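S.K.: The structure is given below, and queries will be raised subsequently.
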Amino acid sequence: MEKKGRAVALLPIGVFLVIFLGSGVLTGDFYSMPTIVAFLIALCVAFLQNRKVSFDEKIHIIAKGVGDDNIITMSLIFLCAGGFSGAVTAAGGVESTVNLGLSVLPPGVAVAGLFVIGCFISVSMGTSMGTIAALAPIAVGISEKTGFAMAICIGAVVCGAMFGDNLSMISDTTIAAVKTQGCEMKDKFRENFLIVLPAAILTVLIFLFITRDGNAMVMEDLSFNIWRVVPYVLVLVGALIGINVFVVLIGGTILSVVVGIATGSLAWDQIFLAIGGNTVIGGQEISGVIGMYDITVISIIVACIVSLVKEYGGIHFILQWIHRMIKGEKGAELGIAGLALLVDACTANNTVAIVMAGPIAKEICEEYGVSPRRSASLLDIFTSVGQGLIPYGAQLLSAATLTALTPFDILPYLYYPILMAVSAVLFILFRSRKEA
């Protein structure tokens with residue numbers, strides 16, 4: 001017997017959006033309401049719904065949802081990625097990686113170079129926020145020495161940060177997309193890369209064109225230690241060739257510690273502090289494993305909410321609605337793209353958006369025969385498109401704060417997220433599906 005879809009089952013998600021967005025509108029700060037609090041309220045609403053299901057049965061339902069292999073694996077990968085990020089940052093890998101890229105930057109292509117360096121760093125680090133934090137000071141210096149507007153320079157940084165945000169093997173968005181859709185990370189990367197490469201190339205050309213009359217730049221103090229870049233390279237290469245993600249991350253963490261101690265940037269008694277995080281080493285704030293606690297807990301709570309929403313018929317209602325709106329595999333892919341973009345615009349967090357939209361996207365895939373790697377790519381791409389363009393997102397707020405601009409000053413120069421969306425839509429409309 002086919003399960004009946006119920007719109008009222010989506011009430012917990014609606015409550016979350018009203019609370020989260022409402023508090024942002026009323027206070028003028030979309031981060032005044034902690035995401036986890038809004039989700040906990042939504043979970044309470046889910047528990048109060050459907051009196052035909054007992055409280056004990058609801059606990060059993062959410063326990064099965066949280067105990068799903070993908071949720072457990074995703075949470076553990078989040079923590080391992082946090083440990084690697086903390087260790088490699090404390091070992092001086094971020095600074096050396098940035099300086100290595102800038103030291104080979106030809107004069108006259110500084111802004112386009114910022115975008116390319118941002119792409120490399122974001123793919124290596126797995127975090128758009130970390131990339132913006134690392135390159136924003138460099139963008140300020142380039143603006144001062146070349147005369148280019150600060151907004152153009154920081155716009156290039158944000159574009160580069162969003163490139164790796166949906167491609168990096170250790171990005172929480174990539175991990176969430178892969179695990180919710182049940183595909184291999186290397187397959188998702190290849191699919192994703194083919195879609196965004198044209199957008200990246202066009203972005204480079206646009207930045208070269210609009211800055212073609214700029215002055216040559218002379219950068220100072222670009223010292224780097226090549227050994228400190230090695231952990232990044234190891235993680236990227238290891239993941240690309242298909243080594244288990246846990247092996248890659250743990251190996252990268254260990255190598256970062258060894259390099260840090262060998263080069264004198266990390267003391268023996270700081271090893272576990274660097275991995276654990278929530279500390280300051282060498283003047284740098286280290287988030288480490290602790291920095292991944294929020295998204296890990298949020299993933300668990302979202303799994304609880306989605307389990308109850310699915311049990312009550314909410315996901316089936318969405319599927320029925322999508323059935324009426326789309327036709328065939330191509331329409332299903334457009335539906336996944338629209339769903340991802342909409343949820344990200346509402347939550348202002350692309351990882352949370354993927355965790356929320358992932359189960360629904362997987363249902364669509366199974367119904368219309370969309371390959372998991374393609375679905376994971378579309379989820380990751382379109383949540384990154386949203387995150388790179390919404391003025392109340394953490395990325396633009398951070399970039400604006402670090403450069404004394406407003407998000408609206410930067411928006412006109414965010415070419416890459418727009419081109420990425422265009423490229424992905426063209427990919428959906430015209431790409432062959434025989435190999436899927």
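Residue numbers start at 1 in each chain; chains themselves are named A, B, ... in the order of the structure tokens; ligands are numbered from 1 in the order shown.
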Would you please extract all helix (DSSP H, G or I) residues from stretch 155-399 of chain A, as assigned by DSSP on the backbone, and give them as a count of residues only?

M.R.: 189

S.K.: Please list as a list of chain:residue names every residue within 7 Å of stretch 314-317 of chain A, counting only C-alpha atoms and excluding residues in the same chain fewer than 2 positions away.

M.R.: A:Gly5, A:Arg6, A:Ala7, A:Ala9, A:Leu10, A:Val309, A:Lys310, A:Tyr312, A:Leu319, A:Gln320, A:Trp321, A:Ile360

S.K.: Could you please take those selected residues and save N, CA, C and O atoms as an mmCIF file, in the first residue's frame?

M.R.:
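Just written: result.cif:
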```cif
data_model
loop_
_atom_site.group_PDB
_atom_site.id
_atom_site.type_symbol
_atom_site.label_atom_id
_atom_site.label_comp_id
_atom_site.auth_asym_id
_atom_site.auth_seq_id
_atom_site.Cartn_x
_atom_site.Cartn_y
_atom_site.Cartn_z
ATOM 1 N N GLY A 5 1.109 10.970 1.367
ATOM 2 C CA GLY A 5 1.890 12.150 1.703
ATOM 3 C C GLY A 5 1.060 13.146 2.479
ATOM 4 O O GLY A 5 -0.137 13.344 2.205
ATOM 5 N N ARG A 6 1.674 13.777 3.488
ATOM 6 C CA ARG A 6 0.964 14.744 4.334
ATOM 7 C C ARG A 6 1.772 16.035 4.436
ATOM 8 O O ARG A 6 2.901 16.025 4.931
ATOM 9 N N ALA A 7 1.154 17.124 4.003
ATOM 10 C CA ALA A 7 1.835 18.415 4.056
ATOM 11 C C ALA A 7 2.109 18.843 5.489
ATOM 12 O O ALA A 7 3.143 19.459 5.786
ATOM 13 N N ALA A 9 3.099 17.200 7.849
ATOM 14 C CA ALA A 9 4.302 16.553 8.382
ATOM 15 C C ALA A 9 5.532 17.438 8.214
ATOM 16 O O ALA A 9 6.549 17.248 8.892
ATOM 17 N N LEU A 10 5.436 18.415 7.321
ATOM 18 C CA LEU A 10 6.553 19.328 7.087
ATOM 19 C C LEU A 10 6.569 20.486 8.075
ATOM 20 O O LEU A 10 7.451 21.356 8.014
ATOM 21 N N VAL A 309 9.696 13.342 10.138
ATOM 22 C CA VAL A 309 8.994 13.928 8.991
ATOM 23 C C VAL A 309 8.714 12.858 7.941
ATOM 24 O O VAL A 309 7.617 12.805 7.361
ATOM 25 N N LYS A 310 9.693 11.991 7.721
ATOM 26 C CA LYS A 310 9.507 10.910 6.744
ATOM 27 C C LYS A 310 8.452 9.921 7.230
ATOM 28 O O LYS A 310 7.595 9.485 6.452
ATOM 29 N N TYR A 312 5.953 10.499 9.159
ATOM 30 C CA TYR A 312 4.623 11.119 9.115
ATOM 31 C C TYR A 312 4.122 11.344 7.694
ATOM 32 O O TYR A 312 2.974 11.747 7.493
ATOM 33 N N LEU A 319 7.675 14.478 -2.573
ATOM 34 C CA LEU A 319 7.859 13.682 -3.782
ATOM 35 C C LEU A 319 6.629 13.758 -4.692
ATOM 36 O O LEU A 319 6.752 13.883 -5.910
ATOM 37 N N GLN A 320 5.448 13.696 -4.074
ATOM 38 C CA GLN A 320 4.218 13.808 -4.863
ATOM 39 C C GLN A 320 4.114 15.168 -5.525
ATOM 40 O O GLN A 320 3.685 15.286 -6.686
ATOM 41 N N TRP A 321 4.539 16.208 -4.797
ATOM 42 C CA TRP A 321 4.519 17.558 -5.344
ATOM 43 C C TRP A 321 5.507 17.676 -6.507
ATOM 44 O O TRP A 321 5.200 18.271 -7.537
ATOM 45 N N ILE A 360 15.672 13.805 0.918
ATOM 46 C CA ILE A 360 14.648 14.048 -0.104
ATOM 47 C C ILE A 360 15.245 13.852 -1.493
ATOM 48 O O ILE A 360 14.631 13.241 -2.372
#
```

S.K.: I'd like to know which of A:Leu11, A:Leu100, A:Ala267, A:Leu339 is closest to A:Leu48, using only C-alpha atoms.

M.R.: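 For A:Leu48, the nearest of the given residues is A:Leu11.
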
S.K.: Find the distance between atom CA of A:Leu402 and atom CA of A:Ala136 and write it in Å to one decimal.

M.R.: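 A separation of 6.5 Å between them.
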
S.K.: If you run DSSP on the backbone here, which positions in stretch 149-343 of chain A get strand (DSSP E or B)? Please write them as a PyMOL selection string.

M.R.: chain A and resi 279-281+284-286

S.K.: With N, CA, C and O atoms kept, could you save the residues just selected as an mmCIF file, in the first residue's frame?

M.R.:
```
data_model
loop_
_atom_site.group_PDB
_atom_site.id
_atom_site.type_symbol
_atom_site.label_atom_id
_atom_site.label_comp_id
_atom_site.auth_asym_id
_atom_site.auth_seq_id
_atom_site.Cartn_x
_atom_site.Cartn_y
_atom_site.Cartn_z
ATOM 1 N N THR A 279 41.845 26.655 20.861
ATOM 2 C CA THR A 279 43.036 27.182 21.502
ATOM 3 C C THR A 279 43.747 28.135 20.548
ATOM 4 O O THR A 279 43.335 28.297 19.402
ATOM 5 N N VAL A 280 44.787 28.774 21.054
ATOM 6 C CA VAL A 280 45.604 29.672 20.235
ATOM 7 C C VAL A 280 47.037 29.172 20.276
ATOM 8 O O VAL A 280 47.611 28.999 21.347
ATOM 9 N N ILE A 281 47.611 28.918 19.093
ATOM 10 C CA ILE A 281 48.994 28.448 18.983
ATOM 11 C C ILE A 281 49.712 29.326 17.969
ATOM 12 O O ILE A 281 49.266 29.467 16.833
ATOM 13 N N GLN A 284 47.679 31.982 16.217
ATOM 14 C CA GLN A 284 46.578 31.550 15.360
ATOM 15 C C GLN A 284 45.499 30.847 16.175
ATOM 16 O O GLN A 284 45.815 30.032 17.051
ATOM 17 N N GLU A 285 44.266 31.172 15.892
ATOM 18 C CA GLU A 285 43.159 30.479 16.543
ATOM 19 C C GLU A 285 42.978 29.116 15.886
ATOM 20 O O GLU A 285 42.833 29.025 14.668
ATOM 21 N N ILE A 286 42.975 28.076 16.687
ATOM 22 C CA ILE A 286 42.851 26.710 16.189
ATOM 23 C C ILE A 286 41.493 26.140 16.598
ATOM 24 O O ILE A 286 41.186 26.057 17.791
#
```

S.K.: Would you pick out the contacts of A:Val111 at 9 Å or less, using only C-alpha atoms, so that residues sharing its chain but fewer than 4 positions from it are not included, and give the list as a list in words?

M.R.: Phe115, Val116, Ala139, Ile142, Ser143, Phe148, Ile152, Cys153, Ile154, Ala156, Val157, Val204, Phe207, Leu208 and Thr211 of chain A

S.K.: Residues of the last selection are to be written out with N, CA and C atoms, as a PDB file, in the first residue's frame.

M.R.:
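Saved result, selection_33.pdb, follows:
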```
ATOM      1  N   PHE A 115      42.103  34.604  -7.056  1.00  0.00           N
ATOM      2  CA  PHE A 115      41.055  33.605  -7.286  1.00  0.00           C
ATOM      3  C   PHE A 115      41.653  32.213  -7.421  1.00  0.00           C
ATOM      4  N   VAL A 116      42.709  32.071  -8.225  1.00  0.00           N
ATOM      5  CA  VAL A 116      43.339  30.769  -8.433  1.00  0.00           C
ATOM      6  C   VAL A 116      43.916  30.225  -7.127  1.00  0.00           C
ATOM      7  N   ALA A 139      44.296  40.149   0.267  1.00  0.00           N
ATOM      8  CA  ALA A 139      43.460  40.935  -0.637  1.00  0.00           C
ATOM      9  C   ALA A 139      43.545  42.422  -0.304  1.00  0.00           C
ATOM     10  N   ILE A 142      46.900  43.676  -1.644  1.00  0.00           N
ATOM     11  CA  ILE A 142      46.884  43.786  -3.102  1.00  0.00           C
ATOM     12  C   ILE A 142      46.096  45.015  -3.532  1.00  0.00           C
ATOM     13  N   SER A 143      44.973  45.261  -2.879  1.00  0.00           N
ATOM     14  CA  SER A 143      44.169  46.432  -3.201  1.00  0.00           C
ATOM     15  C   SER A 143      44.969  47.715  -2.978  1.00  0.00           C
ATOM     16  N   PHE A 148      43.407  48.583  -7.220  1.00  0.00           N
ATOM     17  CA  PHE A 148      42.119  47.958  -7.510  1.00  0.00           C
ATOM     18  C   PHE A 148      41.196  48.126  -6.306  1.00  0.00           C
ATOM     19  N   ILE A 152      36.695  44.271  -5.409  1.00  0.00           N
ATOM     20  CA  ILE A 152      37.112  43.353  -6.472  1.00  0.00           C
ATOM     21  C   ILE A 152      38.064  42.301  -5.910  1.00  0.00           C
ATOM     22  N   CYS A 153      39.018  42.757  -5.104  1.00  0.00           N
ATOM     23  CA  CYS A 153      40.018  41.839  -4.553  1.00  0.00           C
ATOM     24  C   CYS A 153      39.387  40.810  -3.621  1.00  0.00           C
ATOM     25  N   ILE A 154      38.530  41.259  -2.720  1.00  0.00           N
ATOM     26  CA  ILE A 154      37.913  40.313  -1.789  1.00  0.00           C
ATOM     27  C   ILE A 154      36.864  39.470  -2.509  1.00  0.00           C
ATOM     28  N   ALA A 156      37.299  38.255  -5.489  1.00  0.00           N
ATOM     29  CA  ALA A 156      38.089  37.153  -6.053  1.00  0.00           C
ATOM     30  C   ALA A 156      38.372  36.092  -5.002  1.00  0.00           C
ATOM     31  N   VAL A 157      38.626  36.520  -3.768  1.00  0.00           N
ATOM     32  CA  VAL A 157      38.888  35.586  -2.674  1.00  0.00           C
ATOM     33  C   VAL A 157      37.656  34.741  -2.379  1.00  0.00           C
ATOM     34  N   VAL A 204      38.366  33.322 -14.226  1.00  0.00           N
ATOM     35  CA  VAL A 204      39.751  33.795 -14.374  1.00  0.00           C
ATOM     36  C   VAL A 204      39.830  34.829 -15.489  1.00  0.00           C
ATOM     37  N   PHE A 207      38.256  38.213 -14.435  1.00  0.00           N
ATOM     38  CA  PHE A 207      39.112  38.980 -13.520  1.00  0.00           C
ATOM     39  C   PHE A 207      40.328  39.548 -14.254  1.00  0.00           C
ATOM     40  N   LEU A 208      40.878  38.783 -15.186  1.00  0.00           N
ATOM     41  CA  LEU A 208      41.992  39.296 -15.981  1.00  0.00           C
ATOM     42  C   LEU A 208      41.561  40.501 -16.815  1.00  0.00           C
ATOM     43  N   THR A 211      40.794  43.749 -14.686  1.00  0.00           N
ATOM     44  CA  THR A 211      41.970  44.306 -13.997  1.00  0.00           C
ATOM     45  C   THR A 211      43.152  44.466 -14.956  1.00  0.00           C
TER      46      THR A 211
END
```

S.K.: Residues at most 10 Å from A:Asn70, counting only C-alpha atoms, excluding those fewer than 6 positions away in the same chain, as a CSV table (one decimal) with N, CA and C atoms, in the first residue's frame?

M.R.:
```csv
chain,number,residue,atom,x,y,z
A,76,LEU,N,31.8,11.0,12.1
A,76,LEU,CA,33.2,10.7,12.4
A,76,LEU,C,34.1,11.4,11.4
A,175,ILE,N,31.4,16.0,2.2
A,175,ILE,CA,31.2,14.8,3.0
A,175,ILE,C,29.7,14.5,3.2
A,176,ALA,N,29.0,15.6,3.5
A,176,ALA,CA,27.5,15.4,3.7
A,176,ALA,C,26.9,15.0,2.4
A,178,VAL,N,28.1,13.4,-0.2
A,178,VAL,CA,28.5,12.0,-0.6
A,178,VAL,C,27.8,11.0,0.3
A,179,LYS,N,27.8,11.3,1.6
A,179,LYS,CA,27.2,10.3,2.5
A,179,LYS,C,25.7,10.2,2.4
A,180,THR,N,25.0,11.4,2.2
A,180,THR,CA,23.6,11.4,2.1
A,180,THR,C,23.1,10.7,0.8
A,181,GLN,N,23.9,10.7,-0.2
A,181,GLN,CA,23.5,10.2,-1.5
A,181,GLN,C,24.1,8.8,-1.7
A,182,GLY,N,25.1,8.4,-0.9
A,182,GLY,CA,25.6,7.0,-1.0
A,182,GLY,C,26.5,6.7,-2.2
```

S.K.: Nearest to A:Ala394 among A:Asp29, A:Glu329, A:Glu57, A:Glu191, with distances taken over only C-alpha atoms: which residue is it?

M.R.: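 Closest residue, counting only C-alpha atoms: A:Asp29.
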
S.K.: Skipping near chain neighbours, those fewer than 5 positions away, what residues fall within 6 Å of stretch 162-164 of chain A using only C-alpha atoms, listed as a PyMOL selection string?

M.R.: chain A and resi 119+122-123+128

S.K.: Select, from A:Ala161, A:Val257, A:Met150, A:Leu40, the residue with the minimum atom-to-atom distance to A:Ile117, counting only C-alpha atoms.

M.R.: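 Residue with the minimum atom-to-atom distance to A:Ile117: A:Ala161.
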
S.K.: Tell me, in Å to one decimal, how far atom CA of A:Ile410 is from atom CA of A:Ile390.

M.R.: 11.0 Å

S.K.: Please identify all polymer residues within 10 Å of A:Ser265, counting only C-alpha atoms, omitting same-chain residues fewer than 5 positions from it, and present them as a list in words.

M.R.: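 My reading of the contact set: Thr89, Ala90, Ala91, Gly92, Gly93, Arg228, Val257, Val259, Gly260, Gln270, Ile281 and Gly282 of chain A.
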
S.K.: When distances are computed from only C-alpha atoms, which of A:Ile195, A:Leu389, A:Val233, A:Leu426 shows the smallest separation from A:Pro412?

M.R.: A:Leu389

S.K.: Could you name the residues that touch A:Gly251 at 12 Å or less, counting only C-alpha atoms, but leaving out those on the same chain fewer than 3 positions away, as a list of chain:residue names?

M.R.: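 Everything that qualifies: A:Cys80, A:Ala81, A:Gly83, A:Phe84, A:Ala87, A:Val88, A:Val230, A:Pro231, A:Tyr232, A:Val233, A:Leu234, A:Val235, A:Leu236, A:Gly238, A:Ala239, A:Ile243, A:Asn244, A:Val245, A:Phe246, A:Val247, A:Val248, A:Ile254, A:Leu255, A:Ser256, A:Val257, A:Val258.
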
S.K.: Using only C-alpha atoms, can you tell me which of A:Gly118, A:Gly86, A:Gly264, A:Pro359 comes closest to A:Ala133?

M.R.: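 So, comparing all the options, the nearest one is A:Gly118.
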
S.K.: Calculated over only C-alpha atoms, which of the candidates A:Ile210, A:Val343, A:Ile301, A:Ala199 has the smallest distance to A:Ala42?

M.R.: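 Of A:Ile210, A:Val343, A:Ile301, A:Ala199, the one nearest A:Ala42 is A:Ile301, counting only C-alpha atoms.
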